[in-house]
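One file, data_25.pdb, carrying PDB, C-alpha atoms:
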```pdb
ATOM      1  CA  MET A   1      11.106  -9.883   4.021  1.00  0.00           C
ATOM      2  CA  TYR A   2       9.623  -6.463   4.848  1.00  0.00           C
ATOM      3  CA  GLU A   3       9.631  -5.380   8.463  1.00  0.00           C
ATOM      4  CA  TRP A   4       6.614  -4.879  10.672  1.00  0.00           C
ATOM      5  CA  ARG A   5       6.023  -1.209  11.478  1.00  0.00           C
ATOM      6  CA  THR A   6       4.530   0.324  14.593  1.00  0.00           C
ATOM      7  CA  GLY A   7       2.176   3.196  15.125  1.00  0.00           C
ATOM      8  CA  ARG A   8       1.148   4.814  18.361  1.00  0.00           C
ATOM      9  CA  SER A   9      -1.271   2.021  19.166  1.00  0.00           C
ATOM     10  CA  CYS A  10      -0.831  -0.568  16.455  1.00  0.00           C
ATOM     11  CA  LEU A  11       1.526  -2.991  14.781  1.00  0.00           C
ATOM     12  CA  TYR A  12       1.125  -3.316  11.018  1.00  0.00           C
ATOM     13  CA  LYS A  13       2.451  -4.573   7.735  1.00  0.00           C
ATOM     14  CA  ASN A  14       0.043  -2.884   5.330  1.00  0.00           C
ATOM     15  CA  ILE A  15       1.678  -3.059   1.914  1.00  0.00           C
ATOM     16  CA  VAL A  16       0.035  -2.066  -1.373  1.00  0.00           C
ATOM     17  CA  HIS A  17       1.093  -2.250  -5.002  1.00  0.00           C
ATOM     18  CA  LEU A  18       0.069   0.871  -6.948  1.00  0.00           C
ATOM     19  CA  ILE A  19       0.107   1.356 -10.712  1.00  0.00           C
ATOM     20  CA  PHE A  20      -0.236   4.787 -12.343  1.00  0.00           C
ATOM     21  CA  VAL A  21      -0.621   5.202 -16.104  1.00  0.00           C
ATOM     22  CA  THR A  22       0.183   8.369 -18.051  1.00  0.00           C
ATOM     23  CA  LYS A  23      -2.738  10.243 -19.618  1.00  0.00           C
ATOM     24  CA  TYR A  24      -3.752   8.676 -22.948  1.00  0.00           C
ATOM     25  CA  ARG A  25      -1.157   5.967 -22.194  1.00  0.00           C
ATOM     26  CA  ARG A  26       1.412   8.186 -23.946  1.00  0.00           C
ATOM     27  CA  ASN A  27       5.084   7.180 -23.817  1.00  0.00           C
ATOM     28  CA  VAL A  28       6.154  10.274 -21.908  1.00  0.00           C
ATOM     29  CA  LEU A  29       8.483   9.005 -19.214  1.00  0.00           C
ATOM     30  CA  THR A  30      12.253   8.988 -19.684  1.00  0.00           C
ATOM     31  CA  LEU A  31      14.863   7.412 -17.428  1.00  0.00           C
ATOM     32  CA  GLU A  32      15.605  10.859 -16.004  1.00  0.00           C
ATOM     33  CA  MET A  33      11.917  11.379 -15.202  1.00  0.00           C
ATOM     34  CA  LEU A  34      11.645   7.933 -13.596  1.00  0.00           C
ATOM     35  CA  ASN A  35      14.614   8.741 -11.349  1.00  0.00           C
ATOM     36  CA  ARG A  36      13.001  12.043 -10.391  1.00  0.00           C
ATOM     37  CA  LEU A  37       9.676  10.291  -9.734  1.00  0.00           C
ATOM     38  CA  GLU A  38      11.337   7.894  -7.314  1.00  0.00           C
ATOM     39  CA  ASP A  39      12.719  10.831  -5.300  1.00  0.00           C
ATOM     40  CA  ILE A  40       9.312  12.556  -5.324  1.00  0.00           C
ATOM     41  CA  TYR A  41       7.556   9.382  -4.181  1.00  0.00           C
ATOM     42  CA  ILE A  42      10.060   8.709  -1.388  1.00  0.00           C
ATOM     43  CA  GLU A  43       9.591  12.237  -0.043  1.00  0.00           C
ATOM     44  CA  THR A  44       5.796  12.256  -0.408  1.00  0.00           C
ATOM     45  CA  ALA A  45       5.408   8.843   1.235  1.00  0.00           C
ATOM     46  CA  GLN A  46       7.532   9.972   4.187  1.00  0.00           C
ATOM     47  CA  GLN A  47       5.438  13.132   4.553  1.00  0.00           C
ATOM     48  CA  MET A  48       2.349  10.906   4.882  1.00  0.00           C
ATOM     49  CA  ASP A  49       4.037   8.570   7.401  1.00  0.00           C
ATOM     50  CA  CYS A  50       4.341   5.822   4.769  1.00  0.00           C
ATOM     51  CA  GLU A  51       7.374   4.230   3.121  1.00  0.00           C
ATOM     52  CA  LEU A  52       8.183   3.587  -0.542  1.00  0.00           C
ATOM     53  CA  LEU A  53       9.588   0.046  -0.592  1.00  0.00           C
ATOM     54  CA  GLU A  54      10.013  -0.539  -4.332  1.00  0.00           C
ATOM     55  CA  PHE A  55       9.681   1.568  -7.471  1.00  0.00           C
ATOM     56  CA  GLY A  56       9.942   0.884 -11.197  1.00  0.00           C
ATOM     57  CA  GLY A  57       8.379   1.950 -14.430  1.00  0.00           C
ATOM     58  CA  GLU A  58       8.368   2.161 -18.190  1.00  0.00           C
ATOM     59  CA  ASP A  59       7.672   4.982 -20.622  1.00  0.00           C
ATOM     60  CA  ASP A  60       3.904   4.970 -19.999  1.00  0.00           C
ATOM     61  CA  HIS A  61       3.358   3.710 -16.434  1.00  0.00           C
ATOM     62  CA  VAL A  62       4.926   3.241 -12.998  1.00  0.00           C
ATOM     63  CA  HIS A  63       4.704   0.626 -10.242  1.00  0.00           C
ATOM     64  CA  LEU A  64       5.086   1.451  -6.546  1.00  0.00           C
ATOM     65  CA  MET A  65       5.106  -0.836  -3.530  1.00  0.00           C
ATOM     66  CA  ILE A  66       4.346   1.196  -0.420  1.00  0.00           C
ATOM     67  CA  SER A  67       3.989   0.396   3.257  1.00  0.00           C
ATOM     68  CA  VAL A  68       0.895   2.413   4.187  1.00  0.00           C
ATOM     69  CA  ASN A  69       0.198   3.647   7.702  1.00  0.00           C
ATOM     70  CA  PRO A  70      -3.294   2.428   8.723  1.00  0.00           C
ATOM     71  CA  LYS A  71      -4.396   5.987   9.499  1.00  0.00           C
ATOM     72  CA  VAL A  72      -3.833   6.999   5.852  1.00  0.00           C
ATOM     73  CA  ALA A  73      -6.589   6.441   3.303  1.00  0.00           C
ATOM     74  CA  ILE A  74      -5.145   4.918   0.150  1.00  0.00           C
ATOM     75  CA  ALA A  75      -7.188   7.280  -2.034  1.00  0.00           C
ATOM     76  CA  ASN A  76      -5.615  10.262  -0.229  1.00  0.00           C
ATOM     77  CA  LEU A  77      -2.128   8.785  -0.619  1.00  0.00           C
ATOM     78  CA  VAL A  78      -2.707   8.226  -4.345  1.00  0.00           C
ATOM     79  CA  GLY A  79      -3.998  11.794  -4.732  1.00  0.00           C
ATOM     80  CA  LYS A  80      -0.865  13.222  -3.103  1.00  0.00           C
ATOM     81  CA  LEU A  81       1.512  10.973  -5.047  1.00  0.00           C
ATOM     82  CA  LYS A  82      -0.087  11.688  -8.413  1.00  0.00           C
ATOM     83  CA  GLY A  83      -0.766  15.378  -7.787  1.00  0.00           C
ATOM     84  CA  LYS A  84       2.694  16.297  -6.567  1.00  0.00           C
ATOM     85  CA  SER A  85       4.505  14.212  -9.190  1.00  0.00           C
ATOM     86  CA  SER A  86       2.365  15.625 -11.996  1.00  0.00           C
ATOM     87  CA  TYR A  87       3.019  19.196 -10.918  1.00  0.00           C
ATOM     88  CA  LEU A  88       6.769  18.725 -10.492  1.00  0.00           C
ATOM     89  CA  LEU A  89       7.298  16.754 -13.714  1.00  0.00           C
ATOM     90  CA  ARG A  90       5.310  19.296 -15.747  1.00  0.00           C
ATOM     91  CA  THR A  91       7.347  22.080 -14.131  1.00  0.00           C
ATOM     92  CA  GLU A  92      10.780  20.477 -14.491  1.00  0.00           C
ATOM     93  CA  PHE A  93      10.399  18.621 -17.819  1.00  0.00           C
ATOM     94  CA  TRP A  94       7.880  20.764 -19.694  1.00  0.00           C
ATOM     95  CA  ASP A  95       9.916  20.887 -22.922  1.00  0.00           C
ATOM     96  CA  LYS A  96       9.915  17.065 -23.129  1.00  0.00           C
ATOM     97  CA  ILE A  97       6.265  16.685 -22.121  1.00  0.00           C
ATOM     98  CA  LYS A  98       4.396  19.475 -23.944  1.00  0.00           C
ATOM     99  CA  ASN A  99       4.227  17.694 -27.322  1.00  0.00           C
ATOM    100  CA  LYS A 100       2.928  14.434 -25.814  1.00  0.00           C
ATOM    101  CA  LEU A 101       0.439  15.709 -23.236  1.00  0.00           C
ATOM    102  CA  TRP A 102      -1.750  18.767 -23.098  1.00  0.00           C
ATOM    103  CA  GLY A 103      -3.786  20.525 -20.455  1.00  0.00           C
ATOM    104  CA  ASN A 104      -3.016  20.133 -16.786  1.00  0.00           C
ATOM    105  CA  HIS A 105      -3.082  16.353 -16.811  1.00  0.00           C
ATOM    106  CA  PHE A 106      -0.096  14.071 -16.585  1.00  0.00           C
ATOM    107  CA  TRP A 107      -1.616  10.886 -15.131  1.00  0.00           C
ATOM    108  CA  SER A 108      -4.765   9.062 -16.113  1.00  0.00           C
ATOM    109  CA  PRO A 109      -7.415   9.744 -13.430  1.00  0.00           C
ATOM    110  CA  SER A 110      -7.646   6.019 -12.658  1.00  0.00           C
ATOM    111  CA  TYR A 111      -5.168   3.802 -10.828  1.00  0.00           C
ATOM    112  CA  CYS A 112      -4.715   0.198  -9.772  1.00  0.00           C
ATOM    113  CA  VAL A 113      -4.192  -0.785  -6.136  1.00  0.00           C
ATOM    114  CA  VAL A 114      -3.588  -4.337  -4.915  1.00  0.00           C
ATOM    115  CA  SER A 115      -2.861  -5.391  -1.347  1.00  0.00           C
ATOM    116  CA  CYS A 116       0.191  -7.588  -1.182  1.00  0.00           C
ATOM    117  CA  GLY A 117       2.389  -9.578   1.128  1.00  0.00           C
ATOM    118  CA  GLY A 118       1.655 -12.098   3.801  1.00  0.00           C
ATOM    119  CA  ALA A 119      -0.290 -15.300   3.362  1.00  0.00           C
ATOM    120  CA  SER A 120      -2.765 -16.230   0.639  1.00  0.00           C
ATOM    121  CA  LEU A 121      -6.467 -15.568   1.183  1.00  0.00           C
ATOM    122  CA  ASP A 122      -7.105 -19.306   1.623  1.00  0.00           C
ATOM    123  CA  VAL A 123      -4.507 -19.534   4.403  1.00  0.00           C
ATOM    124  CA  ILE A 124      -5.963 -16.500   6.208  1.00  0.00           C
ATOM    125  CA  LYS A 125      -9.530 -17.820   5.821  1.00  0.00           C
ATOM    126  CA  SER A 126      -8.498 -21.167   7.280  1.00  0.00           C
ATOM    127  CA  TYR A 127      -6.629 -19.472  10.144  1.00  0.00           C
ATOM    128  CA  ILE A 128      -9.703 -17.403  11.052  1.00  0.00           C
ATOM    129  CA  GLU A 129     -12.048 -20.387  10.820  1.00  0.00           C
ATOM    130  CA  ASN A 130      -9.810 -22.479  13.104  1.00  0.00           C
ATOM    131  CA  GLN A 131      -9.407 -19.998  15.925  1.00  0.00           C
ATOM    132  CA  ARG A 132      -9.651 -21.479  19.408  1.00  0.00           C
ATOM    133  CA  LYS A 133     -13.228 -21.091  20.597  1.00  0.00           C
ATOM    134  CA  PRO A 134     -13.939 -20.040  24.186  1.00  0.00           C
ATOM    135  CA  PRO A 135     -15.373 -22.920  26.233  1.00  0.00           C
ATOM    136  CA  SER A 136     -19.122 -23.168  26.681  1.00  0.00           C
ATOM    137  CA  GLU A 137     -20.625 -22.881  30.166  1.00  0.00           C
ATOM    138  CA  LYS A 138     -21.179 -26.662  30.128  1.00  0.00           C
ATOM    139  CA  GLN A 139     -17.481 -27.288  29.390  1.00  0.00           C
ATOM    140  CA  VAL A 140     -16.440 -24.909  32.198  1.00  0.00           C
ATOM    141  CA  LYS A 141     -18.698 -26.729  34.674  1.00  0.00           C
ATOM    142  CA  GLN A 142     -17.339 -30.108  33.570  1.00  0.00           C
ATOM    143  CA  SER A 143     -13.757 -28.895  33.921  1.00  0.00           C
ATOM    144  CA  LYS A 144     -14.427 -27.528  37.402  1.00  0.00           C
ATOM    145  CA  ALA A 145     -16.088 -30.801  38.429  1.00  0.00           C
ATOM    146  CA  ILE A 146     -13.094 -32.802  37.201  1.00  0.00           C
ATOM    147  CA  SER A 147     -10.705 -30.487  39.034  1.00  0.00           C
ATOM    148  CA  LYS A 148     -12.646 -30.871  42.289  1.00  0.00           C
ATOM    149  CA  ARG A 149     -12.621 -34.667  41.965  1.00  0.00           C
ATOM    150  CA  GLY A 150      -8.860 -34.599  41.380  1.00  0.00           C
ATOM    151  CA  LEU A 151      -8.257 -32.519  44.513  1.00  0.00           C
ATOM    152  CA  ALA A 152     -10.416 -34.715  46.743  1.00  0.00           C
TER     153      ALA A 152
END
```

Take the structure in the file and give it back as structure tokens.
Amino acid sequence: MYEWRTGRSCLYKNIVHLIFVTKYRRNVLTLEMLNRLEDIYIETAQQMDCELLEFGGEDDHVHLMISVNPKVAIANLVGKLKGKSSYLLRTEFWDKIKNKLWGNHFWSPSYCVVSCGGASLDVIKSYIENQRKPPSEKQVKQSKAISKRGLA
């Protein structure tokens, strides 16, 4: 469903689901703020060589699905997304926010991150366990002996 992406020396599909909750779980977010957040997150993700794939939220939290470049630490991405959005929302919507939040905090300091996409862990585990093993020296010798007999 979501495309593979390429870096300078890698091919990846590194998708995470992020959840941010407003400070004190207050019902601060309006539809207008959610629309603004989506624009902020699209721009910030692009600046970090990532891509916002999906976005949605309610009055007290947001969900993001982001394709993350392998060179980007998720903690750094989260810091940029939360920091920039907090600053801009407090600047642009202060009159609507000031009675619900106080101080310089918009988001709770915690967040949820879940890797997503691709196969289940059981399928991946089985795939890794069943990788073709290189032949042992004994098997190589036997194969060479059989080949020689076939040529003679």

The PyMOL selection byres ((chain A and resi 37) around 12) applied to the shown file, residues as a compact mmCIF listing (two decimals) with C-alpha atoms, keeping the file's coordinate frame:
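Generated file (selection_9.txt):
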```txt
# COMPACT_ATOMS: atom_id res chain seq x y z
CA PHE A 20 -0.24 4.79 -12.34
CA LEU A 29 8.48 9.01 -19.21
CA THR A 30 12.25 8.99 -19.68
CA LEU A 31 14.86 7.41 -17.43
CA GLU A 32 15.60 10.86 -16.00
CA MET A 33 11.92 11.38 -15.20
CA LEU A 34 11.64 7.93 -13.60
CA ASN A 35 14.61 8.74 -11.35
CA ARG A 36 13.00 12.04 -10.39
CA GLU A 38 11.34 7.89 -7.31
CA ASP A 39 12.72 10.83 -5.30
CA ILE A 40 9.31 12.56 -5.32
CA TYR A 41 7.56 9.38 -4.18
CA ILE A 42 10.06 8.71 -1.39
CA GLU A 43 9.59 12.24 -0.04
CA THR A 44 5.80 12.26 -0.41
CA ALA A 45 5.41 8.84 1.24
CA LEU A 52 8.18 3.59 -0.54
CA PHE A 55 9.68 1.57 -7.47
CA GLY A 56 9.94 0.88 -11.20
CA GLY A 57 8.38 1.95 -14.43
CA GLU A 58 8.37 2.16 -18.19
CA HIS A 61 3.36 3.71 -16.43
CA VAL A 62 4.93 3.24 -13.00
CA HIS A 63 4.70 0.63 -10.24
CA LEU A 64 5.09 1.45 -6.55
CA LEU A 81 1.51 10.97 -5.05
CA LYS A 82 -0.09 11.69 -8.41
CA GLY A 83 -0.77 15.38 -7.79
CA LYS A 84 2.69 16.30 -6.57
CA SER A 85 4.50 14.21 -9.19
CA SER A 86 2.37 15.62 -12.00
CA TYR A 87 3.02 19.20 -10.92
CA LEU A 88 6.77 18.73 -10.49
CA LEU A 89 7.30 16.75 -13.71
CA ARG A 90 5.31 19.30 -15.75
CA GLU A 92 10.78 20.48 -14.49
CA PHE A 93 10.40 18.62 -17.82
```

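Between atom CA of A:Asp59 and atom CA of A:Cys116 there is a distance of 24.3 Å.
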
Shortest interatomic distance to A:Val21 - which of A:Lys148, A:Ser108, A:Val113, A:Ile124, counting all atoms listed in the file:
A:Ser108

Mind telling me what the PyMOL selection byres ((chain A and resi 72) around 12) catches here, as a VMD selection string?
chain A and resid 7 14 45 to 51 66 to 71 73 to 80

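Distances to A:Glu3 were evaluated for A:Leu53, A:Ala119, A:Cys112, A:Ile97 using all atoms listed in the file, and the minimum falls at A:Leu53.
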
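You will find atom CA of A:Thr91 at 18.0 Å from atom CA of A:Arg26.
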
Padded axis-aligned box of stretch 142-147 of chain A (8 Å per side), centre and edge lengths, Å, one decimal, as AutoDock Vina command-line options:
```
--center_x -14.0 --center_y -30.2 --center_z 36.3 --size_x 22.6 --size_y 21.3 --size_z 21.5
```

Option closest in space to A:Val16, from A:Ser115, A:Ser120, A:Asn104, A:Asn99 [counting all atoms listed in the file]
A:Ser115

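With atom CA of A:Lys98 on one side and atom CA of A:Asn27 on the other, the separation reads 12.3 Å.
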
Using the structure just given, write a file holding C-alpha atoms for stretch 72-122 of chain A, as a PDB file, in the first residue's frame.
```
ATOM      1  CA  VAL A  72      16.618  10.091  11.555  1.00  0.00           C
ATOM      2  CA  ALA A  73      16.267   9.158  15.218  1.00  0.00           C
ATOM      3  CA  ILE A  74      12.603   8.882  16.137  1.00  0.00           C
ATOM      4  CA  ALA A  75      13.179  10.802  19.378  1.00  0.00           C
ATOM      5  CA  ASN A  76      14.628  13.712  17.364  1.00  0.00           C
ATOM      6  CA  LEU A  77      11.701  13.613  14.931  1.00  0.00           C
ATOM      7  CA  VAL A  78       9.212  13.654  17.818  1.00  0.00           C
ATOM      8  CA  GLY A  79      11.056  16.574  19.434  1.00  0.00           C
ATOM      9  CA  LYS A  80      10.858  18.619  16.227  1.00  0.00           C
ATOM     10  CA  LEU A  81       7.212  17.748  15.564  1.00  0.00           C
ATOM     11  CA  LYS A  82       6.069  18.542  19.094  1.00  0.00           C
ATOM     12  CA  GLY A  83       8.306  21.577  19.593  1.00  0.00           C
ATOM     13  CA  LYS A  84       7.431  23.348  16.368  1.00  0.00           C
ATOM     14  CA  SER A  85       3.709  22.573  16.595  1.00  0.00           C
ATOM     15  CA  SER A  86       3.548  23.712  20.217  1.00  0.00           C
ATOM     16  CA  TYR A  87       5.258  26.999  19.432  1.00  0.00           C
ATOM     17  CA  LEU A  88       3.126  27.749  16.372  1.00  0.00           C
ATOM     18  CA  LEU A  89      -0.205  26.765  17.948  1.00  0.00           C
ATOM     19  CA  ARG A  90       0.512  28.838  21.068  1.00  0.00           C
ATOM     20  CA  THR A  91       1.473  31.761  18.822  1.00  0.00           C
ATOM     21  CA  GLU A  92      -1.446  31.523  16.394  1.00  0.00           C
ATOM     22  CA  PHE A  93      -4.262  30.357  18.713  1.00  0.00           C
ATOM     23  CA  TRP A  94      -3.264  31.852  22.064  1.00  0.00           C
ATOM     24  CA  ASP A  95      -6.719  33.305  22.799  1.00  0.00           C
ATOM     25  CA  LYS A  96      -8.300  29.833  22.490  1.00  0.00           C
ATOM     26  CA  ILE A  97      -5.538  28.045  24.403  1.00  0.00           C
ATOM     27  CA  LYS A  98      -4.652  30.344  27.324  1.00  0.00           C
ATOM     28  CA  ASN A  99      -7.601  29.330  29.532  1.00  0.00           C
ATOM     29  CA  LYS A 100      -6.983  25.590  29.064  1.00  0.00           C
ATOM     30  CA  LEU A 101      -3.188  25.400  29.263  1.00  0.00           C
ATOM     31  CA  TRP A 102      -0.627  27.442  31.114  1.00  0.00           C
ATOM     32  CA  GLY A 103       3.123  27.837  30.998  1.00  0.00           C
ATOM     33  CA  ASN A 104       5.100  26.998  27.900  1.00  0.00           C
ATOM     34  CA  HIS A 105       3.702  23.507  27.520  1.00  0.00           C
ATOM     35  CA  PHE A 106       1.207  22.374  24.936  1.00  0.00           C
ATOM     36  CA  TRP A 107       1.950  18.639  24.673  1.00  0.00           C
ATOM     37  CA  SER A 108       2.464  16.095  27.406  1.00  0.00           C
ATOM     38  CA  PRO A 109       6.206  15.285  27.581  1.00  0.00           C
ATOM     39  CA  SER A 110       5.490  11.627  26.784  1.00  0.00           C
ATOM     40  CA  TYR A 111       4.456  10.060  23.486  1.00  0.00           C
ATOM     41  CA  CYS A 112       3.574   6.687  22.016  1.00  0.00           C
ATOM     42  CA  VAL A 113       5.454   5.228  19.050  1.00  0.00           C
ATOM     43  CA  VAL A 114       4.617   1.923  17.364  1.00  0.00           C
ATOM     44  CA  SER A 115       6.300   0.481  14.289  1.00  0.00           C
ATOM     45  CA  CYS A 116       3.756  -0.538  11.709  1.00  0.00           C
ATOM     46  CA  GLY A 117       3.315  -2.089   8.313  1.00  0.00           C
ATOM     47  CA  GLY A 118       4.695  -5.192   6.731  1.00  0.00           C
ATOM     48  CA  ALA A 119       4.351  -8.705   8.060  1.00  0.00           C
ATOM     49  CA  SER A 120       3.569  -9.849  11.594  1.00  0.00           C
ATOM     50  CA  LEU A 121       6.427 -10.603  13.982  1.00  0.00           C
ATOM     51  CA  ASP A 122       5.716 -14.343  13.704  1.00  0.00           C
TER      52      ASP A 122
END
```
